[in-house]
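Following: one structure in structure tokens, then a few remarks.
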Amino acid sequence: MSIEGEPDFGARRLVLVHGRDTARAMVEPEQKRLVDIAAEVMGDDVGRIGITYTGFCLTGLPHKRLPDEHPWEKKGHRVTLLIEPGRMKIGRGPAKLHGVPYGARARMILLYLQTQAVRTGSREVELGRSMRDWLGRMGLSWGGETGKALREQATRIAACSLKFFWEGEDSDGWTKGGFVRSGLRFHLADSNDERQQGLWQESVLLDEVFYEALQKHPVPLREAALRELSDRSTSLDLYIWLAYRLHTLKARTPVRWAALREQFGSNYAKISAFKRDFIKALGPAVAAYPEARVELAEEGVVLYPSQPPVTRRLVPVGGELTPVGRRARAR
């Protein structure tokens, strides 16, 4: 495909041929970040894996805060996600209404919980040091405004109720569900010791319905890609969608702007505004997925059969999910 049709402006190809430094010198200033994303993911030798549930590949959380009393409904291909706000008691005060989770921070918390549940084969996910370490790898420090945002989103996740409505054979799979059954209350350690600050003291128990669905339908993702997209909620959604969609294709598949807006931008009144923001978010998602074959076209995007970001069977190795028989570095 020509460079004019590449959502990442050829960043992956330039890095592969010329290396990071030379590639950065060859692109416009606003495209240097795409080169950095591609270089980080393609140079990843560790190969850690993240996991998400299939339903999140076709739907997603809101990107911005809604009024606390408002539910969220998101339709995808053959599936609808409904999230309703809930009340939760914190400390000695009365139960308080918490709105639905939103944005990149909520997505990253959910990715951690899902990954750990699949890795350990248990509904109970420890928080503590393991989550602190994971957040550190994602570039998210527990402190300041970032820590405040993480605590807020964790509370929203714990309080809300969630349902996936599937059409067809999975239509009866969800009767009542949430993200978590108990826990997910994070506390800052009262200590001046830097090693102790920000340790989360409790574990969280995932909802049994959600956990069973996750076990049956996990989608592996590359952790290095999640790290590079950790502050971009729309790009995260697009990366996860492509990770699920591309490797299932049998032939060239056009997706028109109207269909893309329905899934990723139903809040946009004007298609022109959606196209502008979608293209901007698609670049980082594609840069973080070296194997992705995606082309921009006048009528929308064109998807081509591609290797998944993680191939082969996953097995726990050294406490992490690792793909068998595959080098972590992108080809």
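How things are named: the first chain in the structure tokens is A, the next is B, and so on; residues count from 1 in each chain; ligands count from 1 in the order shown.
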
* Surrounding residues of Leu303 in chain A excluding itself and chain neighbours under 3 positions, 12 Å, only C-alpha atoms, as JSON, numbers by chain -> {"A": [1, 5, 6, 7, 241, 242, 243, 245, 246, 247, 248, 249, 250, 251, 252, 253, 254, 255, 256, 286, 291, 292, 293, 294, 295, 296, 297, 300, 306]}

Please produce a file of the residues just selected, as a compact mmCIF listing (two decimals), in the first residue's frame, where the atoms kept are N, CA, C and O atoms.
```txt
# COMPACT_ATOMS: atom_id res chain seq x y z
N MET A 1 0.85 -1.18 0.00
CA MET A 1 0.00 0.00 0.00
C MET A 1 0.88 1.23 0.00
O MET A 1 2.01 1.22 0.49
N GLY A 5 -1.80 6.01 2.17
CA GLY A 5 -2.90 5.26 2.73
C GLY A 5 -2.59 4.63 4.07
O GLY A 5 -3.44 3.96 4.64
N GLU A 6 -1.39 4.82 4.59
CA GLU A 6 -1.00 4.17 5.83
C GLU A 6 -1.39 5.04 7.02
O GLU A 6 -0.93 6.17 7.14
N PRO A 7 -2.19 4.53 7.95
CA PRO A 7 -2.61 5.33 9.10
C PRO A 7 -1.45 5.80 9.96
O PRO A 7 -1.54 6.84 10.60
N TRP A 241 -9.67 -3.62 19.09
CA TRP A 241 -10.57 -4.03 18.00
C TRP A 241 -9.78 -4.68 16.87
O TRP A 241 -10.16 -5.75 16.38
N LEU A 242 -8.69 -4.08 16.46
CA LEU A 242 -7.88 -4.64 15.39
C LEU A 242 -7.26 -5.98 15.80
O LEU A 242 -7.18 -6.90 14.98
N ALA A 243 -6.82 -6.09 17.05
CA ALA A 243 -6.23 -7.34 17.53
C ALA A 243 -7.22 -8.49 17.44
O ALA A 243 -6.84 -9.64 17.19
N ARG A 245 -10.03 -8.40 15.34
CA ARG A 245 -10.69 -8.46 14.03
C ARG A 245 -9.77 -8.97 12.90
O ARG A 245 -10.19 -9.80 12.08
N LEU A 246 -8.55 -8.48 12.83
CA LEU A 246 -7.74 -8.68 11.63
C LEU A 246 -7.40 -10.14 11.37
O LEU A 246 -7.40 -10.59 10.22
N HIS A 247 -7.08 -10.89 12.42
CA HIS A 247 -6.63 -12.27 12.17
C HIS A 247 -7.78 -13.21 11.83
O HIS A 247 -7.54 -14.35 11.45
N THR A 248 -9.03 -12.72 11.95
CA THR A 248 -10.17 -13.56 11.57
C THR A 248 -10.61 -13.34 10.13
O THR A 248 -11.45 -14.09 9.62
N LEU A 249 -10.04 -12.34 9.47
CA LEU A 249 -10.47 -12.02 8.11
C LEU A 249 -9.94 -13.04 7.10
O LEU A 249 -8.85 -13.58 7.26
N LYS A 250 -10.71 -13.25 6.04
CA LYS A 250 -10.30 -14.15 4.96
C LYS A 250 -9.93 -13.37 3.69
O LYS A 250 -9.28 -13.93 2.80
N ALA A 251 -10.36 -12.12 3.62
CA ALA A 251 -10.11 -11.33 2.41
C ALA A 251 -10.14 -9.84 2.76
O ALA A 251 -10.49 -9.45 3.89
N ARG A 252 -9.78 -9.02 1.80
CA ARG A 252 -9.84 -7.57 1.94
C ARG A 252 -11.24 -7.16 2.39
O ARG A 252 -12.24 -7.58 1.80
N THR A 253 -11.34 -6.32 3.45
CA THR A 253 -12.63 -5.99 4.03
C THR A 253 -12.76 -4.49 4.24
O THR A 253 -12.15 -3.93 5.17
N PRO A 254 -13.51 -3.79 3.40
CA PRO A 254 -13.74 -2.35 3.61
C PRO A 254 -14.73 -2.13 4.76
O PRO A 254 -15.69 -2.90 4.93
N VAL A 255 -14.51 -1.10 5.54
CA VAL A 255 -15.44 -0.70 6.60
C VAL A 255 -15.73 0.78 6.39
O VAL A 255 -14.82 1.61 6.46
N ARG A 256 -16.97 1.11 6.15
CA ARG A 256 -17.33 2.48 5.79
C ARG A 256 -17.37 3.38 7.01
O ARG A 256 -17.53 2.93 8.15
N VAL A 286 -2.28 1.59 15.05
CA VAL A 286 -1.62 0.81 14.01
C VAL A 286 -0.11 0.77 14.24
O VAL A 286 0.54 -0.25 14.06
N GLU A 291 2.08 -6.07 12.95
CA GLU A 291 1.57 -7.00 11.95
C GLU A 291 0.31 -6.50 11.24
O GLU A 291 -0.13 -7.11 10.26
N ALA A 292 -0.28 -5.41 11.72
CA ALA A 292 -1.57 -4.94 11.20
C ALA A 292 -1.45 -4.44 9.77
O ALA A 292 -0.55 -3.66 9.44
N ARG A 293 -2.37 -4.84 8.93
CA ARG A 293 -2.46 -4.34 7.55
C ARG A 293 -3.78 -3.58 7.43
O ARG A 293 -4.85 -4.18 7.31
N VAL A 294 -3.66 -2.28 7.53
CA VAL A 294 -4.83 -1.39 7.53
C VAL A 294 -4.54 -0.24 6.59
O VAL A 294 -3.44 0.32 6.60
N GLU A 295 -5.53 0.14 5.81
CA GLU A 295 -5.35 1.21 4.83
C GLU A 295 -6.48 2.22 4.95
O GLU A 295 -7.65 1.85 5.09
N LEU A 296 -6.14 3.49 4.92
CA LEU A 296 -7.15 4.53 4.87
C LEU A 296 -7.65 4.69 3.44
O LEU A 296 -6.86 4.66 2.50
N ALA A 297 -8.94 4.87 3.30
CA ALA A 297 -9.54 5.06 1.98
C ALA A 297 -10.58 6.17 2.06
O ALA A 297 -10.99 6.57 3.15
N GLY A 300 -13.66 5.01 3.93
CA GLY A 300 -13.50 4.50 5.29
C GLY A 300 -12.11 3.91 5.48
O GLY A 300 -11.11 4.53 5.13
N SER A 306 -4.40 -10.33 8.72
CA SER A 306 -3.12 -10.04 9.35
C SER A 306 -2.85 -11.03 10.47
O SER A 306 -3.78 -11.61 11.04
```

Enumerate, in order of chain and increasing residue number, the residues of range 71-125 of chain A with an atom no farther than 10 Å from range 227-234 of chain A, each with its shortest atom pair and distance in Å to one decimal, counting only C-alpha atoms, as a Markdown table.
```
| residue | atom | partner | partner_atom | distance |
| --- | --- | --- | --- | --- |
| A:Tyr102 | CA | A:Ser233 | CA | 8.8 |
| A:Gly103 | CA | A:Ser233 | CA | 5.6 |
| A:Ala104 | CA | A:Ser233 | CA | 4.3 |
| A:Arg105 | CA | A:Asp231 | CA | 7.4 |
| A:Ala106 | CA | A:Ser233 | CA | 9.1 |
| A:Arg107 | CA | A:Ser233 | CA | 7.4 |
| A:Met108 | CA | A:Ser230 | CA | 6.8 |
```

Spatial neighbours of range 12-18 of chain A, max dist 12 Å, only C-alpha atoms, sep filter under 2 positions, as a short mmCIF file (atom, residue, chain, number, x, y, z; two decimals) with all heavy atoms, in the first residue's frame:
```cif
data_model
loop_
_atom_site.label_atom_id
_atom_site.label_comp_id
_atom_site.auth_asym_id
_atom_site.auth_seq_id
_atom_site.Cartn_x
_atom_site.Cartn_y
_atom_site.Cartn_z
N MET A 1 0.85 -1.18 0.00
CA MET A 1 0.00 0.00 0.00
C MET A 1 0.88 1.23 0.00
O MET A 1 2.01 1.22 0.49
CB MET A 1 -0.94 -0.02 1.22
CG MET A 1 -0.24 0.19 2.55
SD MET A 1 -1.39 0.11 3.96
CE MET A 1 -1.64 -1.64 4.09
N SER A 2 0.41 2.32 -0.51
CA SER A 2 1.20 3.54 -0.57
C SER A 2 1.24 4.21 0.79
O SER A 2 0.37 4.02 1.63
CB SER A 2 0.58 4.50 -1.59
OG SER A 2 -0.69 4.94 -1.14
N ILE A 3 2.26 5.05 0.98
CA ILE A 3 2.40 5.70 2.28
C ILE A 3 1.23 6.63 2.55
O ILE A 3 0.86 6.86 3.70
CB ILE A 3 3.74 6.46 2.34
CG1 ILE A 3 4.02 6.91 3.79
CG2 ILE A 3 3.76 7.66 1.40
CD1 ILE A 3 5.41 7.44 3.98
N GLU A 6 -1.39 4.82 4.59
CA GLU A 6 -1.00 4.17 5.83
C GLU A 6 -1.39 5.04 7.02
O GLU A 6 -0.93 6.17 7.14
CB GLU A 6 0.50 3.91 5.84
CG GLU A 6 0.93 2.89 4.79
CD GLU A 6 2.44 2.69 4.79
OE1 GLU A 6 3.13 3.45 4.08
OE2 GLU A 6 2.91 1.79 5.51
N PRO A 7 -2.19 4.53 7.95
CA PRO A 7 -2.61 5.33 9.10
C PRO A 7 -1.45 5.80 9.96
O PRO A 7 -1.54 6.84 10.60
CB PRO A 7 -3.53 4.38 9.87
CG PRO A 7 -4.00 3.38 8.86
CD PRO A 7 -2.86 3.21 7.91
N ASP A 8 -0.35 5.04 9.99
CA ASP A 8 0.81 5.43 10.80
C ASP A 8 1.85 6.20 9.99
O ASP A 8 2.98 6.39 10.44
CB ASP A 8 1.44 4.21 11.46
CG ASP A 8 2.11 3.28 10.45
OD1 ASP A 8 1.75 3.34 9.26
OD2 ASP A 8 2.99 2.50 10.86
N PHE A 9 1.47 6.62 8.78
CA PHE A 9 2.36 7.38 7.89
C PHE A 9 3.67 6.64 7.62
O PHE A 9 4.72 7.26 7.47
CB PHE A 9 2.64 8.78 8.48
CG PHE A 9 1.42 9.64 8.60
CD1 PHE A 9 0.67 9.64 9.77
CD2 PHE A 9 1.02 10.44 7.54
CE1 PHE A 9 -0.47 10.42 9.87
CE2 PHE A 9 -0.11 11.24 7.65
CZ PHE A 9 -0.87 11.22 8.82
N GLY A 10 3.59 5.34 7.60
CA GLY A 10 4.78 4.54 7.29
C GLY A 10 5.75 4.39 8.43
O GLY A 10 6.89 3.95 8.22
N ARG A 20 15.19 3.76 14.44
CA ARG A 20 14.38 4.79 15.09
C ARG A 20 14.89 6.20 14.81
O ARG A 20 14.11 7.07 14.40
CB ARG A 20 14.36 4.52 16.59
CG ARG A 20 13.54 5.51 17.40
CD ARG A 20 13.58 5.11 18.86
NE ARG A 20 12.60 5.80 19.65
CZ ARG A 20 12.14 5.34 20.81
NH1 ARG A 20 12.57 4.19 21.28
NH2 ARG A 20 11.26 6.03 21.51
N ASP A 21 16.15 6.47 15.05
CA ASP A 21 16.66 7.84 14.96
C ASP A 21 16.51 8.40 13.55
O ASP A 21 16.06 9.54 13.36
CB ASP A 21 18.12 7.89 15.40
CG ASP A 21 18.29 7.61 16.88
OD1 ASP A 21 17.29 7.72 17.61
OD2 ASP A 21 19.41 7.29 17.31
N THR A 22 16.91 7.61 12.55
CA THR A 22 16.79 8.08 11.17
C THR A 22 15.33 8.24 10.77
O THR A 22 14.96 9.20 10.08
CB THR A 22 17.48 7.10 10.21
OG1 THR A 22 18.86 7.00 10.57
CG2 THR A 22 17.37 7.57 8.78
N ALA A 23 14.49 7.32 11.23
CA ALA A 23 13.06 7.40 10.92
C ALA A 23 12.45 8.68 11.48
O ALA A 23 11.63 9.34 10.82
CB ALA A 23 12.33 6.18 11.46
N ARG A 24 12.84 9.06 12.69
CA ARG A 24 12.31 10.29 13.29
C ARG A 24 12.68 11.52 12.48
O ARG A 24 11.93 12.49 12.40
CB ARG A 24 12.81 10.46 14.73
CG ARG A 24 12.25 9.44 15.69
CD ARG A 24 12.69 9.72 17.13
NE ARG A 24 11.63 10.42 17.86
CZ ARG A 24 11.66 11.69 18.20
NH1 ARG A 24 12.68 12.45 17.83
NH2 ARG A 24 10.67 12.22 18.88
N ALA A 25 13.86 11.48 11.88
CA ALA A 25 14.31 12.62 11.08
C ALA A 25 13.61 12.68 9.72
O ALA A 25 13.67 13.73 9.06
CB ALA A 25 15.82 12.53 10.88
N MET A 26 12.95 11.62 9.33
CA MET A 26 12.33 11.54 8.01
C MET A 26 10.85 11.92 8.01
O MET A 26 10.24 11.99 6.95
CB MET A 26 12.50 10.13 7.44
CG MET A 26 13.95 9.72 7.22
SD MET A 26 14.10 7.97 6.73
CE MET A 26 13.36 8.00 5.09
N VAL A 27 10.26 12.12 9.20
CA VAL A 27 8.82 12.38 9.26
C VAL A 27 8.56 13.78 9.81
O VAL A 27 9.45 14.44 10.34
CB VAL A 27 8.10 11.34 10.15
CG1 VAL A 27 8.29 9.94 9.58
CG2 VAL A 27 8.61 11.40 11.59
N GLN A 31 4.42 13.47 13.58
CA GLN A 31 4.46 12.03 13.34
C GLN A 31 5.60 11.33 14.08
O GLN A 31 5.70 10.10 14.05
CB GLN A 31 4.58 11.76 11.85
CG GLN A 31 3.40 12.27 11.04
CD GLN A 31 3.70 12.40 9.56
OE1 GLN A 31 4.72 11.90 9.07
NE2 GLN A 31 2.82 13.07 8.83
N LYS A 32 6.42 12.08 14.79
CA LYS A 32 7.55 11.47 15.49
C LYS A 32 7.08 10.53 16.60
O LYS A 32 7.73 9.52 16.89
CB LYS A 32 8.46 12.56 16.06
CG LYS A 32 9.18 13.38 15.00
CD LYS A 32 10.13 14.38 15.62
CE LYS A 32 10.72 15.32 14.56
NZ LYS A 32 11.52 14.60 13.54
N ARG A 33 5.97 10.87 17.23
CA ARG A 33 5.43 10.00 18.28
C ARG A 33 5.03 8.64 17.70
O ARG A 33 5.18 7.61 18.37
CB ARG A 33 4.23 10.66 18.96
CG ARG A 33 3.58 9.83 20.07
CD ARG A 33 4.56 9.43 21.14
NE ARG A 33 3.95 8.54 22.13
CZ ARG A 33 4.58 7.57 22.75
NH1 ARG A 33 5.87 7.35 22.51
NH2 ARG A 33 3.95 6.83 23.62
N LEU A 34 4.54 8.61 16.47
CA LEU A 34 4.20 7.33 15.84
C LEU A 34 5.45 6.49 15.63
O LEU A 34 5.42 5.25 15.83
CB LEU A 34 3.51 7.58 14.51
CG LEU A 34 2.18 8.36 14.56
CD1 LEU A 34 1.64 8.56 13.15
CD2 LEU A 34 1.17 7.64 15.43
N VAL A 35 6.55 7.12 15.26
CA VAL A 35 7.82 6.40 15.12
C VAL A 35 8.26 5.83 16.46
O VAL A 35 8.70 4.68 16.56
CB VAL A 35 8.91 7.33 14.55
CG1 VAL A 35 10.29 6.67 14.62
CG2 VAL A 35 8.57 7.70 13.10
N ASP A 36 8.12 6.63 17.53
CA ASP A 36 8.51 6.16 18.86
C ASP A 36 7.68 4.96 19.30
O ASP A 36 8.20 3.99 19.87
CB ASP A 36 8.37 7.29 19.87
CG ASP A 36 9.37 8.41 19.67
OD1 ASP A 36 10.43 8.14 19.04
OD2 ASP A 36 9.10 9.54 20.10
N ILE A 37 6.37 5.03 19.05
CA ILE A 37 5.50 3.91 19.41
C ILE A 37 5.91 2.64 18.67
O ILE A 37 6.07 1.57 19.26
CB ILE A 37 4.03 4.25 19.12
CG1 ILE A 37 3.53 5.36 20.06
CG2 ILE A 37 3.14 3.01 19.25
CD1 ILE A 37 2.15 5.88 19.71
N ALA A 38 6.08 2.77 17.36
CA ALA A 38 6.47 1.61 16.56
C ALA A 38 7.80 1.04 17.02
O ALA A 38 7.97 -0.20 17.13
CB ALA A 38 6.54 2.00 15.08
N ALA A 39 8.78 1.91 17.30
CA ALA A 39 10.10 1.44 17.71
C ALA A 39 10.04 0.72 19.05
O ALA A 39 10.71 -0.31 19.24
CB ALA A 39 11.06 2.63 17.79
N GLU A 40 9.27 1.23 19.99
CA GLU A 40 9.16 0.60 21.30
C GLU A 40 8.53 -0.79 21.19
O GLU A 40 8.99 -1.75 21.82
CB GLU A 40 8.35 1.48 22.25
CG GLU A 40 9.08 2.73 22.71
CD GLU A 40 10.28 2.40 23.58
OE1 GLU A 40 10.23 1.41 24.34
OE2 GLU A 40 11.27 3.14 23.51
N VAL A 41 7.46 -0.90 20.43
CA VAL A 41 6.77 -2.19 20.32
C VAL A 41 7.61 -3.19 19.52
O VAL A 41 7.77 -4.35 19.91
CB VAL A 41 5.38 -2.02 19.68
CG1 VAL A 41 4.72 -3.37 19.46
CG2 VAL A 41 4.50 -1.13 20.56
N MET A 42 8.18 -2.75 18.40
CA MET A 42 8.98 -3.64 17.57
C MET A 42 10.29 -4.04 18.26
O MET A 42 10.86 -5.10 17.96
CB MET A 42 9.27 -2.98 16.23
CG MET A 42 8.01 -2.72 15.42
SD MET A 42 8.29 -1.72 13.93
CE MET A 42 9.13 -2.91 12.89
N GLY A 43 10.77 -3.23 19.20
CA GLY A 43 11.99 -3.55 19.91
C GLY A 43 11.76 -4.27 21.23
O GLY A 43 12.71 -4.49 21.98
N GLY A 283 -3.77 6.17 13.97
CA GLY A 283 -2.33 6.15 13.74
C GLY A 283 -1.55 5.47 14.86
O GLY A 283 -0.79 4.52 14.62
N PRO A 284 -1.71 5.89 16.13
CA PRO A 284 -1.01 5.22 17.22
C PRO A 284 -1.40 3.75 17.38
O PRO A 284 -0.55 2.91 17.70
CB PRO A 284 -1.42 6.03 18.45
CG PRO A 284 -1.78 7.38 17.92
CD PRO A 284 -2.39 7.12 16.58
N ALA A 285 -2.67 3.42 17.16
CA ALA A 285 -3.11 2.03 17.29
C ALA A 285 -2.41 1.13 16.28
O ALA A 285 -1.96 0.02 16.61
CB ALA A 285 -4.63 1.94 17.12
N VAL A 286 -2.28 1.59 15.05
CA VAL A 286 -1.62 0.81 14.01
C VAL A 286 -0.11 0.77 14.24
O VAL A 286 0.54 -0.25 14.06
CB VAL A 286 -1.95 1.38 12.62
CG1 VAL A 286 -1.12 0.72 11.54
CG2 VAL A 286 -3.45 1.18 12.32
N ALA A 287 0.46 1.90 14.68
CA ALA A 287 1.90 1.92 14.98
C ALA A 287 2.26 0.92 16.06
O ALA A 287 3.35 0.35 16.06
CB ALA A 287 2.32 3.33 15.39
N ALA A 288 1.33 0.67 17.00
CA ALA A 288 1.57 -0.27 18.10
C ALA A 288 1.29 -1.72 17.72
O ALA A 288 1.44 -2.61 18.55
CB ALA A 288 0.70 0.12 19.30
N TYR A 289 0.90 -1.96 16.48
CA TYR A 289 0.53 -3.31 16.02
C TYR A 289 1.33 -3.59 14.75
O TYR A 289 0.84 -3.39 13.64
CB TYR A 289 -0.97 -3.34 15.77
CG TYR A 289 -1.59 -4.66 15.42
CD1 TYR A 289 -2.98 -4.78 15.36
CD2 TYR A 289 -0.84 -5.81 15.13
CE1 TYR A 289 -3.59 -5.98 15.05
CE2 TYR A 289 -1.43 -7.01 14.81
CZ TYR A 289 -2.81 -7.09 14.77
OH TYR A 289 -3.41 -8.29 14.44
N PRO A 290 2.58 -4.04 14.87
CA PRO A 290 3.45 -4.20 13.70
C PRO A 290 2.88 -5.07 12.59
O PRO A 290 3.16 -4.85 11.41
CB PRO A 290 4.72 -4.82 14.28
CG PRO A 290 4.72 -4.41 15.72
CD PRO A 290 3.27 -4.38 16.12
N GLU A 291 2.08 -6.07 12.95
CA GLU A 291 1.57 -7.00 11.95
C GLU A 291 0.31 -6.50 11.24
O GLU A 291 -0.13 -7.11 10.26
CB GLU A 291 1.24 -8.35 12.62
CG GLU A 291 2.42 -9.01 13.32
CD GLU A 291 2.64 -8.52 14.74
OE1 GLU A 291 1.93 -7.57 15.17
OE2 GLU A 291 3.53 -9.08 15.41
N ALA A 292 -0.28 -5.41 11.72
CA ALA A 292 -1.57 -4.94 11.20
C ALA A 292 -1.45 -4.44 9.77
O ALA A 292 -0.55 -3.66 9.44
CB ALA A 292 -2.13 -3.85 12.09
N ARG A 293 -2.37 -4.84 8.93
CA ARG A 293 -2.46 -4.34 7.55
C ARG A 293 -3.78 -3.58 7.43
O ARG A 293 -4.85 -4.18 7.31
CB ARG A 293 -2.38 -5.49 6.56
CG ARG A 293 -1.08 -6.28 6.61
CD ARG A 293 -1.11 -7.47 5.68
NE ARG A 293 -1.32 -7.05 4.29
CZ ARG A 293 -2.01 -7.75 3.39
NH1 ARG A 293 -2.57 -8.90 3.74
NH2 ARG A 293 -2.13 -7.30 2.17
N ARG A 329 10.13 -9.92 19.57
CA ARG A 329 10.43 -8.83 18.63
C ARG A 329 9.65 -9.01 17.34
O ARG A 329 9.56 -10.09 16.79
CB ARG A 329 11.93 -8.82 18.31
CG ARG A 329 12.32 -7.61 17.46
CD ARG A 329 13.80 -7.69 17.12
NE ARG A 329 14.62 -7.57 18.30
CZ ARG A 329 15.01 -6.41 18.83
NH1 ARG A 329 14.64 -5.28 18.26
NH2 ARG A 329 15.77 -6.37 19.90
N ALA A 330 9.05 -7.93 16.88
CA ALA A 330 8.26 -7.99 15.65
C ALA A 330 9.16 -8.31 14.48
O ALA A 330 10.30 -7.91 14.41
CB ALA A 330 7.55 -6.67 15.41
N ARG A 331 8.59 -9.02 13.51
CA ARG A 331 9.34 -9.32 12.31
C ARG A 331 9.56 -8.06 11.50
O ARG A 331 8.70 -7.21 11.46
CB ARG A 331 8.59 -10.35 11.47
CG ARG A 331 8.54 -11.71 12.14
CD ARG A 331 7.93 -12.71 11.18
NE ARG A 331 6.55 -12.34 10.84
CZ ARG A 331 5.50 -12.66 11.56
NH1 ARG A 331 5.65 -13.34 12.66
NH2 ARG A 331 4.31 -12.32 11.20
#
```

* Asked: Got a sec to tell me which of range 41-240 of chain A DSSP assigns to strand (DSSP E or B), as an NGL selection string?
  -> :A and (49-53 or 72-76 or 79-84 or 86-88 or 96-98 or 124-126 or 161-166 or 180-183 or 203-206 or 218-222)

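Ranking A:Asp133, A:Asp277, A:Glu126, A:Glu69 by their shortest atom-to-atom distance to Val100 in chain A, with only C-alpha atoms included, puts A:Glu69 first.
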
For Gly99 in chain A, work out the shell of residues within 12 Å, counting only C-alpha atoms and skipping chain neighbours fewer than 2 positions away, then give it as a PDB file with C-alpha atoms, in the first residue's frame.
```pdb
ATOM      1  CA  LEU A  61     -16.371   2.356  27.998  1.00  0.00           C
ATOM      2  CA  PRO A  62     -17.153   6.047  27.493  1.00  0.00           C
ATOM      3  CA  LYS A  64     -15.344  11.166  28.873  1.00  0.00           C
ATOM      4  CA  ARG A  65     -17.203  11.537  32.139  1.00  0.00           C
ATOM      5  CA  LEU A  66     -20.974  11.216  32.056  1.00  0.00           C
ATOM      6  CA  PRO A  67     -23.368  12.673  34.638  1.00  0.00           C
ATOM      7  CA  ASP A  68     -23.173  10.281  37.590  1.00  0.00           C
ATOM      8  CA  GLU A  69     -26.782   9.155  37.262  1.00  0.00           C
ATOM      9  CA  HIS A  70     -26.507   8.325  33.539  1.00  0.00           C
ATOM     10  CA  PRO A  71     -26.094   4.722  32.337  1.00  0.00           C
ATOM     11  CA  TRP A  72     -23.917   3.867  29.328  1.00  0.00           C
ATOM     12  CA  ILE A  83     -23.164  -0.222  32.269  1.00  0.00           C
ATOM     13  CA  GLU A  84     -25.270   1.271  35.032  1.00  0.00           C
ATOM     14  CA  PRO A  85     -23.989   3.456  37.873  1.00  0.00           C
ATOM     15  CA  GLY A  86     -24.228   2.113  41.385  1.00  0.00           C
ATOM     16  CA  ARG A  87     -24.014   3.068  45.018  1.00  0.00           C
ATOM     17  CA  MET A  88     -21.156   2.049  47.259  1.00  0.00           C
ATOM     18  CA  LYS A  96     -22.809   7.304  47.498  1.00  0.00           C
ATOM     19  CA  LEU A  97     -23.780   7.132  43.844  1.00  0.00           C
ATOM     20  CA  PRO A 101     -16.063   4.302  34.622  1.00  0.00           C
ATOM     21  CA  TYR A 102     -14.546   6.187  31.708  1.00  0.00           C
ATOM     22  CA  GLU A 152     -11.691   7.324  41.198  1.00  0.00           C
ATOM     23  CA  GLN A 153     -11.965   4.899  38.288  1.00  0.00           C
ATOM     24  CA  ALA A 154     -11.438   1.901  40.574  1.00  0.00           C
ATOM     25  CA  THR A 155     -14.342   3.036  42.727  1.00  0.00           C
ATOM     26  CA  ARG A 156     -16.565   3.459  39.679  1.00  0.00           C
ATOM     27  CA  ILE A 157     -15.635  -0.018  38.430  1.00  0.00           C
ATOM     28  CA  ALA A 158     -16.446  -1.552  41.823  1.00  0.00           C
ATOM     29  CA  ALA A 159     -19.802   0.210  42.126  1.00  0.00           C
ATOM     30  CA  CYS A 160     -21.229  -0.233  38.627  1.00  0.00           C
ATOM     31  CA  SER A 161     -23.183  -3.145  37.156  1.00  0.00           C
TER      32      SER A 161
END
```

* Asked: If you run DSSP on this backbone, which residues of range 123-306 of chain A come out as alpha helix (DSSP H), and could you give them as an MDAnalysis selection string?
  -> chainID A and resid 128:137 144:159 208:216 223:228 233:245 257:264 271:287

* Fewer than 2 positions away in the same chain doesn't count, so skip those; otherwise give me all residues within 7 Å of range 210-220 of chain A, counting only C-alpha atoms, as a PyMOL selection string. => chain A and resi 49-54+118+123+177-179+206-208+222+244+310

Write out, as a PDB file, in the first residue's frame, the residues just selected, with C-alpha atoms.
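Written output follows (result-v6.pdb):
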```pdb
ATOM      1  CA  ILE A  49       1.056 -10.389  27.338  1.00  0.00           C
ATOM      2  CA  GLY A  50      -2.158  -8.619  28.304  1.00  0.00           C
ATOM      3  CA  ILE A  51      -5.670 -10.065  28.102  1.00  0.00           C
ATOM      4  CA  THR A  52      -9.107  -8.652  27.434  1.00  0.00           C
ATOM      5  CA  TYR A  53     -12.568 -10.122  26.997  1.00  0.00           C
ATOM      6  CA  THR A  54     -14.013 -10.414  23.488  1.00  0.00           C
ATOM      7  CA  VAL A 118      -6.403 -15.481  33.176  1.00  0.00           C
ATOM      8  CA  ARG A 123     -11.404 -14.977  40.165  1.00  0.00           C
ATOM      9  CA  GLY A 177     -23.208  -9.179  36.096  1.00  0.00           C
ATOM     10  CA  GLY A 178     -20.630  -6.660  37.137  1.00  0.00           C
ATOM     11  CA  PHE A 179     -16.910  -6.186  36.827  1.00  0.00           C
ATOM     12  CA  LEU A 206     -14.185 -10.717  39.908  1.00  0.00           C
ATOM     13  CA  ASP A 207     -17.845 -11.325  39.227  1.00  0.00           C
ATOM     14  CA  GLU A 208     -18.378 -15.006  38.435  1.00  0.00           C
ATOM     15  CA  ARG A 222       0.920  -7.182  23.496  1.00  0.00           C
ATOM     16  CA  TYR A 244      -9.533  -9.211  17.566  1.00  0.00           C
ATOM     17  CA  VAL A 310       0.275 -12.477  19.841  1.00  0.00           C
TER      18      VAL A 310
END
```

* To do: Fewer than 2 positions away in the same chain doesn't count, so skip those; otherwise give me all residues within 12 Å of Trp134 in chain A, counting only C-alpha atoms, as a VMD selection string.
  => chain A and resid 48 to 50 108 to 109 111 to 113 115 to 116 126 to 132 136 to 142 223 to 224 226 to 227 230 320

* Tell me, in Å to one decimal, how far CA of Ala117 in chain A is from CA of Glu145 in chain A. => 27.5 Å

* Asked: Of the candidates A:Lys163, A:Arg261, A:Lys275, A:Lys148, which one gets nearest to Phe56 in chain A if we count only C-alpha atoms?
  -> A:Lys163

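Across the model, the gap from CA of Val180 in chain A to CA of Leu162 in chain A is 9.5 Å.
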